[in-house]
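Below is data06.txt, which holds compact mmCIF, C-alpha atoms.
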```
# COMPACT_ATOMS: atom_id res chain seq x y z
CA MET P 1 -20.56 8.81 -16.41
CA ALA P 2 -17.92 6.18 -15.56
CA ALA P 3 -17.11 5.43 -11.96
CA GLN P 4 -13.88 7.00 -10.79
CA SER P 5 -11.15 4.40 -10.55
CA ILE P 6 -9.20 4.03 -7.36
CA ASN P 7 -5.54 3.11 -7.09
CA LEU P 8 -4.65 1.08 -4.02
CA THR P 9 -1.01 0.48 -4.94
CA ASN P 10 1.25 0.68 -1.83
CA GLN P 11 -1.73 0.08 0.46
CA PHE P 12 -2.44 -2.64 2.99
CA LEU P 13 -5.61 -4.63 2.47
CA ILE P 14 -6.81 -5.85 5.85
CA ALA P 15 -9.24 -8.78 5.81
CA MET P 16 -12.49 -8.07 7.61
CA PRO P 17 -14.01 -10.66 10.01
CA GLY P 18 -16.71 -11.50 7.45
CA MET P 19 -14.17 -12.41 4.76
CA GLY P 20 -15.88 -15.21 2.87
CA ASP P 21 -12.67 -16.72 1.51
CA GLY P 22 -10.92 -18.73 4.24
CA THR P 23 -7.62 -18.40 2.37
CA PHE P 24 -7.56 -14.72 3.30
CA ALA P 25 -9.12 -14.79 6.79
CA GLY P 26 -6.99 -12.73 9.18
CA THR P 27 -4.58 -11.57 6.51
CA VAL P 28 -2.85 -8.35 5.65
CA VAL P 29 -1.99 -8.03 1.95
CA TYR P 30 0.51 -5.50 0.62
CA LEU P 31 -0.73 -4.32 -2.78
CA CYS P 32 2.17 -4.13 -5.24
CA GLU P 33 0.03 -3.06 -8.18
CA HIS P 34 -3.56 -1.95 -8.74
CA THR P 35 -4.78 -0.82 -12.14
CA GLU P 36 -8.01 -0.93 -14.12
CA LYS P 37 -6.88 -4.41 -15.27
CA GLY P 38 -6.76 -5.83 -11.73
CA ALA P 39 -4.53 -6.07 -8.68
CA LEU P 40 -1.52 -8.02 -7.41
CA GLY P 41 -0.49 -8.26 -3.77
CA LEU P 42 1.47 -10.33 -1.27
CA VAL P 43 0.16 -11.61 2.06
CA ILE P 44 2.65 -10.38 4.70
CA ASN P 45 1.46 -12.21 7.83
CA LYS P 46 1.15 -15.92 6.98
CA PRO P 47 4.52 -17.66 7.41
CA ILE P 48 4.83 -21.21 6.09
CA ASP P 49 7.01 -24.10 7.26
CA ILE P 50 10.06 -23.12 5.21
CA THR P 51 12.95 -20.88 6.29
CA LEU P 52 14.89 -18.78 3.81
CA LYS P 53 17.87 -21.09 4.35
CA ASN P 54 15.69 -24.07 3.27
CA LEU P 55 14.40 -22.18 0.25
CA PHE P 56 17.90 -21.21 -0.84
CA GLU P 57 19.02 -24.84 -0.54
CA LYS P 58 16.11 -25.88 -2.80
CA VAL P 59 17.33 -23.50 -5.51
CA GLU P 60 20.93 -24.62 -4.95
CA LEU P 61 22.21 -21.42 -3.37
CA SER P 62 23.90 -20.89 -0.03
CA LEU P 63 22.70 -18.11 2.24
CA ASP P 64 25.55 -16.21 3.87
CA ARG P 65 23.30 -13.71 5.64
CA GLU P 66 22.78 -14.87 9.23
CA ASP P 67 20.13 -12.16 9.68
CA LEU P 68 17.97 -13.93 7.07
CA ALA P 69 18.75 -17.66 7.43
CA GLU P 70 15.99 -18.45 9.94
CA ALA P 71 13.47 -15.93 8.58
CA PRO P 72 10.29 -17.61 7.36
CA VAL P 73 9.04 -17.77 3.82
CA TYR P 74 5.45 -16.50 3.59
CA PHE P 75 2.30 -17.65 1.82
CA GLY P 76 1.90 -14.73 -0.59
CA GLY P 77 -1.41 -15.92 -1.97
CA PRO P 78 -3.02 -18.77 -3.88
CA VAL P 79 -1.67 -17.91 -7.37
CA GLN P 80 1.62 -19.46 -8.64
CA THR P 81 2.50 -20.95 -5.25
CA GLU P 82 5.58 -22.64 -6.72
CA ARG P 83 7.08 -19.25 -7.63
CA GLY P 84 9.02 -16.94 -5.35
CA PHE P 85 8.33 -13.24 -4.90
CA VAL P 86 10.76 -10.98 -3.04
CA LEU P 87 9.39 -7.77 -1.55
CA HIS P 88 12.28 -5.50 -0.62
CA GLU P 89 13.52 -2.01 0.00
CA PRO P 90 14.78 -0.21 -3.09
CA LEU P 91 18.38 -0.82 -4.03
CA VAL P 92 20.98 1.50 -2.63
CA GLU P 93 23.84 2.41 -4.96
CA GLY P 94 26.39 -0.40 -4.91
CA GLU P 95 23.97 -3.16 -3.80
CA GLY P 96 22.89 -5.89 -6.16
CA VAL P 97 23.29 -5.24 -9.85
CA PRO P 98 23.59 -1.88 -11.63
CA GLY P 99 20.18 -0.75 -12.80
CA GLY P 100 18.35 -3.22 -10.58
CA TYR P 101 17.33 -6.85 -10.87
CA ASN P 102 16.10 -8.53 -14.05
CA SER P 103 12.44 -8.68 -13.12
CA SER P 104 11.55 -5.98 -10.61
CA LEU P 105 8.39 -3.98 -10.19
CA LYS P 106 9.15 -0.56 -8.71
CA ILE P 107 6.11 0.18 -6.55
CA GLU P 108 5.00 3.77 -6.22
CA GLY P 109 5.71 4.60 -2.62
CA GLY P 110 9.20 3.14 -2.59
CA LEU P 111 9.34 -0.65 -2.28
CA GLU P 112 10.22 -3.12 -5.03
CA MET P 113 9.00 -6.63 -5.81
CA THR P 114 11.38 -8.92 -7.68
CA THR P 115 10.68 -12.34 -9.18
CA SER P 116 14.03 -13.11 -10.84
CA LYS P 117 16.68 -15.37 -9.31
CA ASP P 118 19.35 -12.63 -9.41
CA VAL P 119 17.96 -11.05 -6.22
CA LEU P 120 18.39 -14.42 -4.47
CA GLU P 121 21.92 -14.70 -5.85
CA ALA P 122 22.73 -11.24 -4.46
CA LEU P 123 21.29 -12.18 -1.05
CA SER P 124 23.19 -15.48 -1.18
CA SER P 125 26.51 -13.69 -1.47
CA GLY P 126 25.74 -11.39 1.46
CA ALA P 127 24.74 -8.45 -0.74
CA GLY P 128 21.31 -7.41 -1.96
CA PRO P 129 18.65 -5.47 -0.14
CA ARG P 130 18.89 -5.33 3.66
CA LYS P 131 15.17 -5.79 4.33
CA VAL P 132 13.26 -8.49 2.46
CA LEU P 133 10.08 -10.53 2.72
CA VAL P 134 9.98 -13.64 0.54
CA THR P 135 6.71 -15.31 -0.44
CA LEU P 136 5.68 -18.32 -2.44
CA GLY P 137 2.68 -17.32 -4.52
CA TYR P 138 0.80 -14.08 -4.81
CA SER P 139 -2.73 -12.74 -4.47
CA GLY P 140 -4.41 -11.61 -7.66
CA TRP P 141 -7.69 -9.98 -8.58
CA ALA P 142 -9.26 -9.54 -12.02
CA ALA P 143 -10.54 -6.16 -13.17
CA GLY P 144 -13.17 -4.89 -10.71
CA GLN P 145 -12.94 -7.97 -8.45
CA LEU P 146 -11.09 -6.27 -5.59
CA GLU P 147 -13.42 -3.27 -5.70
CA ASP P 148 -16.40 -5.68 -5.46
CA GLU P 149 -14.86 -7.49 -2.48
CA MET P 150 -14.25 -4.15 -0.75
CA SER P 151 -17.82 -2.95 -1.35
CA ASN P 152 -19.04 -6.23 0.20
CA ASN P 153 -17.06 -5.56 3.40
CA GLY P 154 -14.31 -8.09 2.63
CA TRP P 155 -11.40 -5.68 3.04
CA ILE P 156 -10.49 -2.30 4.43
CA ASN P 157 -7.42 -0.46 3.25
CA VAL P 158 -4.82 1.92 4.60
CA GLU P 159 -1.55 3.34 3.30
CA ALA P 160 1.21 0.80 3.87
CA GLN P 161 4.14 1.34 6.22
CA PRO P 162 7.31 -0.65 5.44
CA GLY P 163 8.07 -0.96 9.17
CA ILE P 164 5.03 -3.22 9.58
CA ILE P 165 6.25 -5.47 6.74
CA PHE P 166 9.91 -5.72 7.76
CA ASP P 167 10.22 -4.84 11.46
CA THR P 168 6.98 -5.88 13.18
CA PRO P 169 6.72 -9.43 14.60
CA VAL P 170 4.43 -11.48 12.35
CA GLY P 171 1.81 -12.05 15.06
CA GLU P 172 1.37 -8.28 15.49
CA ARG P 173 1.11 -7.22 11.83
CA TYR P 174 -2.69 -7.50 11.56
CA ASP P 175 -3.30 -5.41 14.68
CA LYS P 176 -0.55 -2.91 13.73
CA ALA P 177 -2.07 -2.44 10.27
CA LEU P 178 -5.51 -1.87 11.85
CA SER P 179 -3.99 0.63 14.28
CA LEU P 180 -3.03 2.80 11.31
CA LEU P 181 -6.78 3.39 10.96
CA GLY P 182 -7.17 4.05 14.68
CA ILE P 183 -9.10 0.84 15.29
CA HIS P 184 -8.49 -2.56 16.84
CA ALA P 185 -9.84 -6.01 15.91
CA GLY P 186 -12.53 -5.97 18.61
CA MET P 187 -14.18 -2.99 16.93
CA LEU P 188 -14.75 -4.85 13.64
CA SER P 189 -18.06 -6.40 12.65
CA SER P 190 -18.65 -9.02 10.00
CA ALA P 191 -21.85 -7.28 8.91
CA ALA P 192 -21.63 -4.77 6.08
CA GLY P 193 -23.32 -1.45 6.57
CA HIS P 194 -25.16 -0.24 3.48
CA ALA P 195 -27.36 2.82 3.50
```
Mind turning the file's structure into C-alpha cells?
Amino acid sequence: MAAQSINLTNQFLIAMPGMGDGTFAGTVVYLCEHTEKGALGLVINKPIDITLKNLFEKVELSLDREDLAEAPVYFGGPVQTERGFVLHEPLVEGEGVPGGYNSSLKIEGGLEMTTSKDVLEALSSGAGPRKVLVTLGYSGWAAGQLEDEMSNNGWINVEAQPGIIFDTPVGERYDKALSLLGIHAGMLSSAAGHA
C-alpha cells in the first residue's frame, strides 16, 4: 500500500533548531506549490541588501509607490537567485492586467506568485497588487525530499497566514509563525523524537 501523500501548499515551513542546512537556519518558507513531483517555496524572513527601488532601477523601471520603495527584497532560496519572484495578494478587478499576469501561479488558499516582468511594470506605474513580497531565488525540493527533511525534524509546518507575510515586521515572522502552533522558540529542541 502506497504512503498517503500530503499537500503542504499554502503552509509555512518553519526551520527547526537542528536544521542541518545553514541556508535555511531560522527561516520561515511559504510553500507556493507541493505535489508528488516536489515543492517550491519562498523564504519570507531573510531580507537582503537591496530595496525594491534599487531592484526596479536594475530592471530599468521607476517605482512610483512610496509604500514600496524602501521595502527590502528577500532571499527566497538558493535556486535561480538571479530571478525575481513576486508573492502577492490576488488581483482585484481593475488592478494590473485583465486575466492576471503572464506567469502567475494561483496558490490554493488565495495568494499568487508571479515571475513575469508585467507585475513589476504594474507596480512601477502605481497599480498592481497592494501587498507584495519580492524575492530573488526560490526554495525547491525534489520528489520526497521535503517529506524526508520533515521526518528528520528539519521543519514543522502550519497553515500560512498572509498577515505574517505582509504585515508582520521581518524580525517577528519566525516567532509569529511558531505562535500559530501555540509554541515559542524556547520550546524547540534540535533532537528528533522517534518512537
Pick from P:Thr168, P:Gln161, P:Asn152, P:Ser116, whichever lies nearest to Met19 in chain P using only C-alpha atoms: P:Asn152
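Nearest residue to Gly163 in chain P, choosing from P:Tyr74, P:Leu120, P:Asp148, P:His88 and counting only C-alpha atoms: P:His88.
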Gap from CA of Ala127 in chain P to CA of Leu91 in chain P - Å, one decimal: 10.5 Å
Pick from P:Ile6, P:Leu136, P:Leu55, P:Val29 nearest to Ala177 in chain P, counting all atoms listed in the file: P:Val29
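Distance annotation: of P:Gly18, P:Tyr30, P:Lys37, P:Leu111, the residue with the minimal separation from Val158 in chain P is P:Tyr30; atom set is only C-alpha atoms.
Counting only C-alpha atoms and comparing P:Asp64, P:Thr9, P:Gly38, P:Asp49, the residue that lies closest to Ser124 in chain P is P:Asp64.
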Given all atoms listed in the file as the counted atoms, nearest of P:Ala160, P:Val79, P:Ile44, P:Val59 to Lys117 in chain P: P:Val59
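When CA of Lys53 in chain P is paired with CA of Ala69 in chain P, their separation reads 4.7 Å.
Of note, CA of Asn157 in chain P and CA of Gly110 in chain P are spaced 18.0 Å apart.
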Ref. answer, residues at most 7 Å from (-4.8, -12.7, -5.0) with only C-alpha atoms, as a count of residues only: 9
